[in-house]
file input17.cif (mmCIF, C-alpha atoms and all ligand atoms)
data_structure
#
loop_
_atom_site.label_atom_id
_atom_site.label_comp_id
_atom_site.auth_asym_id
_atom_site.auth_seq_id
_atom_site.Cartn_x
_atom_site.Cartn_y
_atom_site.Cartn_z
CA MET A 422 -14.98 13.76 -4.10
CA LEU A 423 -12.28 11.14 -4.88
CA GLY A 424 -14.21 8.72 -2.68
CA LEU A 425 -13.60 10.76 0.49
CA LYS A 426 -16.13 9.97 3.20
CA LEU A 427 -16.21 13.40 4.78
CA LEU A 428 -15.75 16.77 3.10
CA THR A 429 -14.07 19.67 4.87
CA ASP A 430 -16.27 22.34 6.42
CA PRO A 431 -15.71 25.45 4.24
CA ARG A 432 -15.25 27.52 7.41
CA TRP A 433 -11.83 25.91 7.73
CA ALA A 434 -10.77 28.13 4.79
CA ASN A 435 -11.48 31.22 6.92
CA ILE A 436 -9.24 29.87 9.66
CA ALA A 437 -6.53 29.26 7.07
CA GLU A 438 -6.94 32.72 5.54
CA SER A 439 -6.67 34.36 8.95
CA ASN A 440 -3.02 33.29 9.15
CA LEU A 441 -1.56 33.09 5.65
CA GLU A 442 2.05 33.03 6.82
CA GLU A 443 1.33 29.90 8.84
CA ILE A 444 -0.71 28.06 6.18
CA LEU A 445 1.92 28.85 3.54
CA THR A 446 4.75 27.63 5.77
CA ASP A 447 2.89 24.42 6.55
CA HIS A 448 1.98 24.02 2.89
CA ALA A 449 5.58 24.45 1.71
CA TRP A 450 6.69 21.60 3.99
CA CYS A 451 3.81 19.39 2.79
CA GLU A 452 5.22 19.76 -0.73
CA GLN A 453 8.73 18.91 0.47
CA LYS A 454 7.41 15.80 2.25
CA ALA A 455 5.55 14.73 -0.89
CA ALA A 456 8.78 15.03 -2.90
CA THR A 457 10.73 13.10 -0.26
CA ASN A 458 8.07 10.39 -0.22
CA ALA A 459 8.24 9.99 -4.00
CA ILE A 460 12.03 9.75 -3.87
CA SER A 461 11.99 7.08 -1.18
CA LEU A 462 9.40 5.05 -3.15
CA ILE A 463 11.79 5.20 -6.11
CA THR A 464 14.73 4.12 -3.96
CA GLN A 465 12.90 1.15 -2.48
CA ASN A 466 11.16 -0.07 -5.65
CA SER A 467 13.66 0.60 -8.39
CA GLU A 468 12.88 -2.67 -10.19
CA HIS A 469 9.78 -1.01 -11.73
CA PRO A 470 10.97 1.30 -14.55
CA ASP A 471 7.59 2.95 -15.13
CA LEU A 472 7.25 3.73 -11.42
CA VAL A 473 10.77 5.19 -11.35
CA HIS A 474 9.93 7.31 -14.39
CA GLU A 475 6.58 8.65 -13.19
CA LEU A 476 7.61 9.21 -9.59
CA THR A 477 10.68 11.12 -10.74
CA ALA A 478 8.30 13.47 -12.54
CA ILE A 479 6.15 13.72 -9.40
CA ALA A 480 9.14 14.39 -7.13
CA ILE A 481 10.23 17.23 -9.43
CA GLU A 482 6.68 18.60 -9.61
CA GLU A 483 6.34 18.56 -5.81
CA MET A 484 9.58 20.53 -5.48
CA GLN A 485 8.26 22.96 -8.10
CA HIS A 486 5.19 23.37 -5.87
CA PHE A 487 7.55 23.97 -2.95
CA GLN A 488 9.30 26.63 -5.01
CA LEU A 489 6.01 28.31 -5.94
CA VAL A 490 5.01 28.46 -2.27
CA ILE A 491 8.33 29.87 -1.07
CA ASP A 492 8.17 32.45 -3.89
CA ILE A 493 4.76 33.59 -2.62
CA ILE A 494 6.11 33.72 0.94
CA LYS A 495 9.01 35.89 -0.22
CA ARG A 496 6.91 38.23 -2.40
CA ARG A 497 4.54 38.88 0.46
CA GLY A 498 7.28 39.59 2.94
CA TYR A 499 6.53 36.54 5.08
CA ALA A 500 9.12 34.16 6.51
CA LEU A 501 9.27 30.45 5.84
CA GLY A 502 9.07 28.91 9.29
CA ARG A 503 10.57 25.64 10.42
CA GLU A 504 9.07 22.37 9.25
CA ARG A 505 5.67 21.82 10.85
CA LYS A 506 4.59 18.47 12.27
CA ASP A 507 1.76 16.79 10.37
CA ASP A 508 -0.26 14.90 12.97
CA TYR A 509 -2.84 13.77 10.38
CA VAL A 510 -0.16 12.14 8.21
CA ASN A 511 1.44 10.55 11.28
CA GLN A 512 -1.92 8.97 12.15
CA LEU A 513 -2.30 7.66 8.59
CA MET A 514 1.20 6.23 8.84
CA LYS A 515 0.11 4.12 11.82
CA PHE A 516 -2.66 2.60 9.68
CA MET A 517 -0.19 1.56 6.99
CA LYS A 518 0.61 -2.18 6.88
CA LYS A 519 4.27 -2.73 7.53
CA ASP A 520 4.17 -6.47 8.22
CA GLY A 521 3.25 -9.20 5.74
CA SER A 522 4.91 -9.62 2.37
CA ARG A 523 7.09 -7.02 0.69
CA ASN A 524 4.34 -6.59 -1.89
CA THR A 525 1.71 -5.95 0.81
CA ALA A 526 3.85 -3.21 2.37
CA PHE A 527 4.60 -1.70 -1.06
CA ILE A 528 0.94 -1.59 -2.08
CA ASP A 529 -0.09 -0.03 1.23
CA ARG A 530 2.63 2.57 0.88
CA LEU A 531 1.15 3.53 -2.50
CA LEU A 532 -2.35 3.72 -0.99
CA PHE A 533 -1.01 5.85 1.88
CA ALA A 534 0.40 8.27 -0.74
CA ALA A 535 -2.88 8.23 -2.70
CA MET A 536 -4.80 9.01 0.51
CA ILE A 537 -2.69 12.08 1.29
CA GLU A 538 -2.98 13.31 -2.30
CA ALA A 539 -6.78 12.88 -2.19
CA ARG A 540 -7.19 14.88 1.04
CA SER A 541 -4.67 17.53 -0.05
CA CYS A 542 -6.55 17.91 -3.30
CA GLU A 543 -9.82 18.34 -1.39
CA ARG A 544 -8.29 20.91 0.98
CA PHE A 545 -6.90 22.88 -1.98
CA ARG A 546 -10.35 22.86 -3.51
CA VAL A 547 -11.88 24.25 -0.31
CA LEU A 548 -9.25 26.99 -0.27
CA SER A 549 -9.72 27.81 -3.95
CA GLN A 550 -13.47 28.14 -3.51
CA ASN A 551 -13.60 29.99 -0.21
CA ILE A 552 -10.72 32.37 0.28
CA ASN A 553 -11.03 36.02 -0.71
CA ASP A 554 -7.43 36.36 -1.84
CA LYS A 555 -7.73 36.11 -5.65
CA GLU A 556 -4.10 35.18 -6.34
CA LEU A 557 -4.13 32.36 -3.81
CA ALA A 558 -7.56 31.12 -4.90
CA ARG A 559 -6.21 30.67 -8.44
CA PHE A 560 -2.99 29.11 -7.12
CA TYR A 561 -4.89 26.56 -5.06
CA TYR A 562 -7.15 25.72 -7.99
CA ASP A 563 -4.09 24.84 -10.11
CA LEU A 564 -2.59 22.74 -7.32
CA MET A 565 -5.89 20.92 -6.81
CA VAL A 566 -5.70 19.70 -10.42
CA SER A 567 -2.08 18.62 -10.03
CA GLU A 568 -2.66 16.68 -6.78
CA ALA A 569 -5.70 14.94 -8.32
CA ASN A 570 -3.36 13.58 -11.02
CA HIS A 571 -0.92 12.36 -8.37
CA TYR A 572 -3.77 10.60 -6.54
CA THR A 573 -4.68 8.75 -9.74
CA THR A 574 -1.04 7.82 -10.41
CA PHE A 575 -0.51 6.28 -6.95
CA LEU A 576 -3.82 4.40 -6.97
CA ASN A 577 -3.17 3.03 -10.45
CA PHE A 578 0.31 1.85 -9.49
CA ALA A 579 -1.23 -0.04 -6.55
CA ARG A 580 -3.64 -1.73 -8.97
CA ARG A 581 -0.86 -2.54 -11.43
CA TYR A 582 1.67 -3.97 -9.00
CA THR A 583 -0.48 -5.91 -6.59
CA ILE A 584 0.32 -9.58 -6.22
CA ASP A 585 -1.77 -10.63 -3.24
CA VAL A 586 -3.58 -7.46 -2.09
CA ASP A 587 -7.23 -6.86 -3.02
CA VAL A 588 -6.60 -3.19 -3.82
CA GLU A 589 -10.25 -2.13 -4.15
CA ARG A 590 -11.08 -3.65 -0.79
CA ARG A 591 -8.04 -2.22 0.96
CA TRP A 592 -8.69 1.20 -0.58
CA LYS A 593 -12.20 1.11 0.91
CA GLU A 594 -10.62 0.42 4.32
CA TRP A 595 -8.34 3.41 3.85
CA LEU A 596 -11.29 5.64 2.97
CA GLU A 597 -13.25 4.43 6.01
CA PHE A 598 -10.31 4.98 8.34
CA GLU A 599 -9.55 8.41 6.93
CA GLY A 600 -13.20 9.44 7.07
CA LYS A 601 -13.19 8.90 10.84
CA LEU A 602 -9.72 10.36 11.36
CA ILE A 603 -10.49 13.63 9.57
CA GLN A 604 -13.36 14.34 11.98
CA SER A 605 -10.72 15.45 14.51
CA TYR A 606 -9.28 18.04 12.14
CA GLY A 607 -10.39 21.12 10.22
CA LYS A 608 -9.72 23.51 13.09
CA THR A 609 -6.24 24.89 12.48
CA GLU A 610 -4.37 26.82 9.79
CA HIS A 611 -2.51 23.77 8.49
CA ILE A 612 -3.16 22.00 5.18
CA HIS A 613 -4.17 18.81 6.99
CA GLY A 614 -4.97 20.57 10.28
FE FE B 701 2.16 19.10 -4.62
FE FE B 702 1.07 15.66 -4.93
#

call {"tool": "encode", "arguments": {"input": "input17.cif", "output": "structure tokens", "more": "lines below"}}
Ligand SMILES: [Fe+2]
Ligand SMILES: [Fe+2]
result
Amino acid sequence: MLGLKLLTDPRWANIAESNLEEILTDHAWCEQKAATNAISLITQNSEHPDLVHELTAIAIEEMQHFQLVIDIIKRRGYALGRERKDDYVNQLMKFMKKDGSRNTAFIDRLLFAAMIEARSCERFRVLSQNINDKELARFYYDLMVSEANHYTTFLNFARRYTIDVDVERRWKEWLEFEGKLIQSYGKTEHIHG
């Protein structure tokens, strides 16, 4: 799926479902971080009008996802907890190239975003297919579709804007790295946990 090297064990969905308040809190903050990431990509690369345009739409959509999650939290009488740390994303961040040319860093930032969208999409699929809660299963199905579109957008921007990066080759390196990294996860009630 989306080139991912390792698919999530469906049993992770049972862990997630055993603590819905926690997975929903973590999920809400994932959406906020995705919006923040899109906004900072706009800020740092404002010379590309089509990127500004499409990432504005994504930032808004991610905050709409945030709103949908906090609405569910409220309706169910849960509380939105404090922002949760995302160890998986922090590990991906370390793999991101920050040296080299401005273009190299820009392209890797887009691939970093595509990587998170791809895994989030896969995790939403696992939830949609394996949890017993009908409302949430439908909700996660819809989000899976949306995050798949974001994945495509980020990857296509990397292909469009590269100057000196072999995007297909670097994307393969990302998939290899992530495939090993994800082996350490799938044990907690967090979206990337
Ligand atoms: Fe989202
Ligand atoms: Fe997204």

call {"tool": "residues_around", "arguments": {"input": "input17.cif", "residues": "Lys601 (chain A)", "least_positions_apart": "5", "cutoff": "9 Å", "atoms": "all atoms listed in the file", "output": "list of chain:residue names"}}
result
A:Lys426, A:Leu427, A:Leu596

call {"tool": "closest_residue", "arguments": {"input": "input17.cif", "among": "A:Thr457, A:Asn553, A:Asn511, A:Thr525", "to": "ligand FE 701 (chain B)", "atoms": "only C-alpha atoms and all ligand atoms"}}
result
A:Thr457

call {"tool": "closest_residue", "arguments": {"input": "input17.cif", "among": "A:Tyr606, A:Tyr582, A:Phe527, A:Phe545", "to": "ligand FE 701 (chain B)", "atoms": "only C-alpha atoms and all ligand atoms"}}
result
A:Phe545

call {"tool": "residues_around", "arguments": {"input": "input17.cif", "residues": "Glu610 (chain A)", "least_positions_apart": "4", "cutoff": "8 Å", "atoms": "all atoms listed in the file", "output": "PDB file with C-alpha atoms, in the frame of the given file"}}
result
ATOM      1  CA  TRP A 433     -11.830  25.910   7.730  1.00  0.00           C
ATOM      2  CA  ILE A 436      -9.240  29.870   9.660  1.00  0.00           C
ATOM      3  CA  ALA A 437      -6.530  29.260   7.070  1.00  0.00           C
ATOM      4  CA  GLU A 438      -6.940  32.720   5.540  1.00  0.00           C
ATOM      5  CA  SER A 439      -6.670  34.360   8.950  1.00  0.00           C
ATOM      6  CA  ASN A 440      -3.020  33.290   9.150  1.00  0.00           C
ATOM      7  CA  GLU A 443       1.330  29.900   8.840  1.00  0.00           C
ATOM      8  CA  ILE A 444      -0.710  28.060   6.180  1.00  0.00           C
ATOM      9  CA  GLY A 614      -4.970  20.570  10.280  1.00  0.00           C
TER      10      GLY A 614
END

call {"tool": "residues_near_ligand", "arguments": {"input": "input17.cif", "ligand": "ligand FE 701 (chain B)", "cutoff": "7 Å", "atoms": "only C-alpha atoms and all ligand atoms", "output": "NGL selection string"}}
result
:A and (452 or 455 or 482-483 or 486 or 564 or 567-568)

call {"tool": "atom_distance", "arguments": {"input": "input17.cif", "atom1": "CA of Leu576 (chain A)", "atom2": "CA of Met484 (chain A)"}}
result
21.0 Å

call {"tool": "closest_residue", "arguments": {"input": "input17.cif", "among": "A:Asp492, A:Asp585, A:Glu599, A:Glu475", "to": "Met536 (chain A)", "atoms": "only C-alpha atoms"}}
result
A:Glu599

call {"tool": "residues_around", "arguments": {"input": "input17.cif", "residues": "Arg581 (chain A)", "least_positions_apart": "3", "cutoff": "12 Å", "atoms": "only C-alpha atoms", "output": "PyMOL selection string"}}
result
chain A and resi 469+471-472+524+527-528+531+574-578+584-589

call {"tool": "write_last_selection", "arguments": {"input": "input17.cif", "atoms": "C-alpha atoms", "output": "compact mmCIF listing (two decimals), in the frame of the given file"}}
result
# COMPACT_ATOMS: atom_id res chain seq x y z
CA HIS A 469 9.78 -1.01 -11.73
CA ASP A 471 7.59 2.95 -15.13
CA LEU A 472 7.25 3.73 -11.42
CA ASN A 524 4.34 -6.59 -1.89
CA PHE A 527 4.60 -1.70 -1.06
CA ILE A 528 0.94 -1.59 -2.08
CA LEU A 531 1.15 3.53 -2.50
CA THR A 574 -1.04 7.82 -10.41
CA PHE A 575 -0.51 6.28 -6.95
CA LEU A 576 -3.82 4.40 -6.97
CA ASN A 577 -3.17 3.03 -10.45
CA PHE A 578 0.31 1.85 -9.49
CA ILE A 584 0.32 -9.58 -6.22
CA ASP A 585 -1.77 -10.63 -3.24
CA VAL A 586 -3.58 -7.46 -2.09
CA ASP A 587 -7.23 -6.86 -3.02
CA VAL A 588 -6.60 -3.19 -3.82
CA GLU A 589 -10.25 -2.13 -4.15

call {"tool": "residues_around", "arguments": {"input": "input17.cif", "residues": "Arg590 (chain A)", "least_positions_apart": "5", "cutoff": "12 Å", "atoms": "only C-alpha atoms", "output": "CSV table (one decimal) with C-alpha atoms, in the coordinates of the input"}}
result
chain,number,residue,atom,x,y,z
A,529,ASP,CA,-0.1,0.0,1.2
A,532,LEU,CA,-2.4,3.7,-1.0
A,579,ALA,CA,-1.2,0.0,-6.6
A,580,ARG,CA,-3.6,-1.7,-9.0
A,585,ASP,CA,-1.8,-10.6,-3.2
A,595,TRP,CA,-8.3,3.4,3.8
A,596,LEU,CA,-11.3,5.6,3.0
A,597,GLU,CA,-13.2,4.4,6.0

call {"tool": "atom_distance", "arguments": {"input": "input17.cif", "atom1": "CA of Asp447 (chain A)", "atom2": "CA of Arg505 (chain A)"}}
result
5.7 Å

call {"tool": "atom_distance", "arguments": {"input": "input17.cif", "atom1": "CA of Asp554 (chain A)", "atom2": "CA of Gln488 (chain A)"}}
result
19.6 Å

call {"tool": "residues_near_point", "arguments": {"input": "input17.cif", "point": "(-3.3, 23.4, -9.2)", "cutoff": "12 Å", "atoms": "all atoms listed in the file", "output": "PDB file with C-alpha atoms, in the coordinates of the input"}}
result
ATOM      1  CA  GLU A 482       6.680  18.600  -9.610  1.00  0.00           C
ATOM      2  CA  GLU A 483       6.340  18.560  -5.810  1.00  0.00           C
ATOM      3  CA  GLN A 485       8.260  22.960  -8.100  1.00  0.00           C
ATOM      4  CA  HIS A 486       5.190  23.370  -5.870  1.00  0.00           C
ATOM      5  CA  LEU A 489       6.010  28.310  -5.940  1.00  0.00           C
ATOM      6  CA  VAL A 490       5.010  28.460  -2.270  1.00  0.00           C
ATOM      7  CA  SER A 541      -4.670  17.530  -0.050  1.00  0.00           C
ATOM      8  CA  CYS A 542      -6.550  17.910  -3.300  1.00  0.00           C
ATOM      9  CA  GLU A 543      -9.820  18.340  -1.390  1.00  0.00           C
ATOM     10  CA  ARG A 544      -8.290  20.910   0.980  1.00  0.00           C
ATOM     11  CA  PHE A 545      -6.900  22.880  -1.980  1.00  0.00           C
ATOM     12  CA  ARG A 546     -10.350  22.860  -3.510  1.00  0.00           C
ATOM     13  CA  LEU A 548      -9.250  26.990  -0.270  1.00  0.00           C
ATOM     14  CA  SER A 549      -9.720  27.810  -3.950  1.00  0.00           C
ATOM     15  CA  LEU A 557      -4.130  32.360  -3.810  1.00  0.00           C
ATOM     16  CA  ALA A 558      -7.560  31.120  -4.900  1.00  0.00           C
ATOM     17  CA  ARG A 559      -6.210  30.670  -8.440  1.00  0.00           C
ATOM     18  CA  PHE A 560      -2.990  29.110  -7.120  1.00  0.00           C
ATOM     19  CA  TYR A 561      -4.890  26.560  -5.060  1.00  0.00           C
ATOM     20  CA  TYR A 562      -7.150  25.720  -7.990  1.00  0.00           C
ATOM     21  CA  ASP A 563      -4.090  24.840 -10.110  1.00  0.00           C
ATOM     22  CA  LEU A 564      -2.590  22.740  -7.320  1.00  0.00           C
ATOM     23  CA  MET A 565      -5.890  20.920  -6.810  1.00  0.00           C
ATOM     24  CA  VAL A 566      -5.700  19.700 -10.420  1.00  0.00           C
ATOM     25  CA  SER A 567      -2.080  18.620 -10.030  1.00  0.00           C
ATOM     26  CA  GLU A 568      -2.660  16.680  -6.780  1.00  0.00           C
ATOM     27  CA  ALA A 569      -5.700  14.940  -8.320  1.00  0.00           C
ATOM     28  CA  ASN A 570      -3.360  13.580 -11.020  1.00  0.00           C
ATOM     29  CA  HIS A 571      -0.920  12.360  -8.370  1.00  0.00           C
TER      30      HIS A 571
END

call {"tool": "closest_residue", "arguments": {"input": "input17.cif", "among": "A:His448, A:Lys495, A:Lys506, A:His474", "to": "ligand FE 702 (chain B)", "atoms": "all atoms listed in the file"}}
result
A:His448

call {"tool": "residues_near_point", "arguments": {"input": "input17.cif", "point": "(11.9, 21.4, 5.2)", "cutoff": "7 Å", "atoms": "only C-alpha atoms", "output": "ChimeraX atom specification"}}
result
/A:450,453,503-504

call {"tool": "build_atoms", "arguments": {"input": "input17.cif", "residues": "region 591-614 of chain A", "atoms": "N, CA, C and O atoms", "output": "CSV table (one decimal), keeping the file's coordinate frame"}}
result
chain,number,residue,atom,x,y,z
A,591,ARG,N,-8.9,-2.9,0.0
A,591,ARG,CA,-8.0,-2.2,1.0
A,591,ARG,C,-8.2,-0.7,0.8
A,591,ARG,O,-8.2,0.0,1.8
A,592,TRP,N,-8.5,-0.2,-0.4
A,592,TRP,CA,-8.7,1.2,-0.6
A,592,TRP,C,-9.9,1.6,0.2
A,592,TRP,O,-10.0,2.7,0.8
A,593,LYS,N,-11.0,0.8,0.1
A,593,LYS,CA,-12.2,1.1,0.9
A,593,LYS,C,-11.9,1.2,2.4
A,593,LYS,O,-12.4,2.1,3.1
A,594,GLU,N,-11.0,0.3,2.9
A,594,GLU,CA,-10.6,0.4,4.3
A,594,GLU,C,-9.9,1.7,4.6
A,594,GLU,O,-10.1,2.4,5.7
A,595,TRP,N,-9.0,2.1,3.7
A,595,TRP,CA,-8.3,3.4,3.8
A,595,TRP,C,-9.3,4.6,3.9
A,595,TRP,O,-9.2,5.4,4.8
A,596,LEU,N,-10.3,4.6,3.0
A,596,LEU,CA,-11.3,5.6,3.0
A,596,LEU,C,-12.1,5.7,4.3
A,596,LEU,O,-12.4,6.8,4.8
A,597,GLU,N,-12.5,4.5,4.8
A,597,GLU,CA,-13.2,4.4,6.0
A,597,GLU,C,-12.4,5.0,7.2
A,597,GLU,O,-12.9,5.8,8.0
A,598,PHE,N,-11.2,4.5,7.2
A,598,PHE,CA,-10.3,5.0,8.3
A,598,PHE,C,-10.1,6.5,8.3
A,598,PHE,O,-10.2,7.2,9.3
A,599,GLU,N,-9.8,7.0,7.1
A,599,GLU,CA,-9.6,8.4,6.9
A,599,GLU,C,-10.8,9.3,7.2
A,599,GLU,O,-10.7,10.4,7.8
A,600,GLY,N,-11.9,8.7,6.8
A,600,GLY,CA,-13.2,9.4,7.1
A,600,GLY,C,-13.5,9.7,8.6
A,600,GLY,O,-14.0,10.7,8.9
A,601,LYS,N,-13.0,8.7,9.4
A,601,LYS,CA,-13.2,8.9,10.8
A,601,LYS,C,-12.1,9.8,11.4
A,601,LYS,O,-12.3,10.7,12.2
A,602,LEU,N,-10.9,9.6,10.9
A,602,LEU,CA,-9.7,10.4,11.4
A,602,LEU,C,-9.9,11.9,11.1
A,602,LEU,O,-9.7,12.7,12.0
A,603,ILE,N,-10.4,12.2,10.0
A,603,ILE,CA,-10.5,13.6,9.6
A,603,ILE,C,-11.5,14.4,10.4
A,603,ILE,O,-11.5,15.6,10.5
A,604,GLN,N,-12.4,13.7,11.1
A,604,GLN,CA,-13.4,14.3,12.0
A,604,GLN,C,-12.7,15.2,13.1
A,604,GLN,O,-13.2,16.1,13.6
A,605,SER,N,-11.4,14.7,13.4
A,605,SER,CA,-10.7,15.4,14.5
A,605,SER,C,-10.0,16.7,14.0
A,605,SER,O,-9.4,17.4,14.8
A,606,TYR,N,-10.1,16.9,12.7
A,606,TYR,CA,-9.3,18.0,12.1
A,606,TYR,C,-10.2,19.1,11.5
A,606,TYR,O,-11.4,19.0,11.7
A,607,GLY,N,-9.6,20.0,10.8
A,607,GLY,CA,-10.4,21.1,10.2
A,607,GLY,C,-10.5,22.3,11.1
A,607,GLY,O,-11.4,23.2,10.9
A,608,LYS,N,-9.6,22.4,12.1
A,608,LYS,CA,-9.7,23.5,13.1
A,608,LYS,C,-8.5,24.4,13.1
A,608,LYS,O,-8.5,25.4,13.9
A,609,THR,N,-7.5,24.1,12.4
A,609,THR,CA,-6.2,24.9,12.5
A,609,THR,C,-5.8,25.3,11.1
A,609,THR,O,-6.2,24.7,10.1
A,610,GLU,N,-4.9,26.3,11.1
A,610,GLU,CA,-4.4,26.8,9.8
A,610,GLU,C,-3.2,26.0,9.3
A,610,GLU,O,-2.1,26.5,9.0
A,611,HIS,N,-3.5,24.7,9.1
A,611,HIS,CA,-2.5,23.8,8.5
A,611,HIS,C,-3.3,23.0,7.4
A,611,HIS,O,-4.5,22.8,7.5
A,612,ILE,N,-2.5,22.6,6.3
A,612,ILE,CA,-3.2,22.0,5.2
A,612,ILE,C,-4.0,20.8,5.6
A,612,ILE,O,-5.1,20.5,5.1
A,613,HIS,N,-3.4,20.0,6.5
A,613,HIS,CA,-4.2,18.8,7.0
A,613,HIS,C,-4.7,19.0,8.4
A,613,HIS,O,-5.0,18.1,9.1
A,614,GLY,N,-4.6,20.3,8.9
A,614,GLY,CA,-5.0,20.6,10.3
A,614,GLY,C,-6.5,20.7,10.5
A,614,GLY,O,-7.2,20.6,9.5
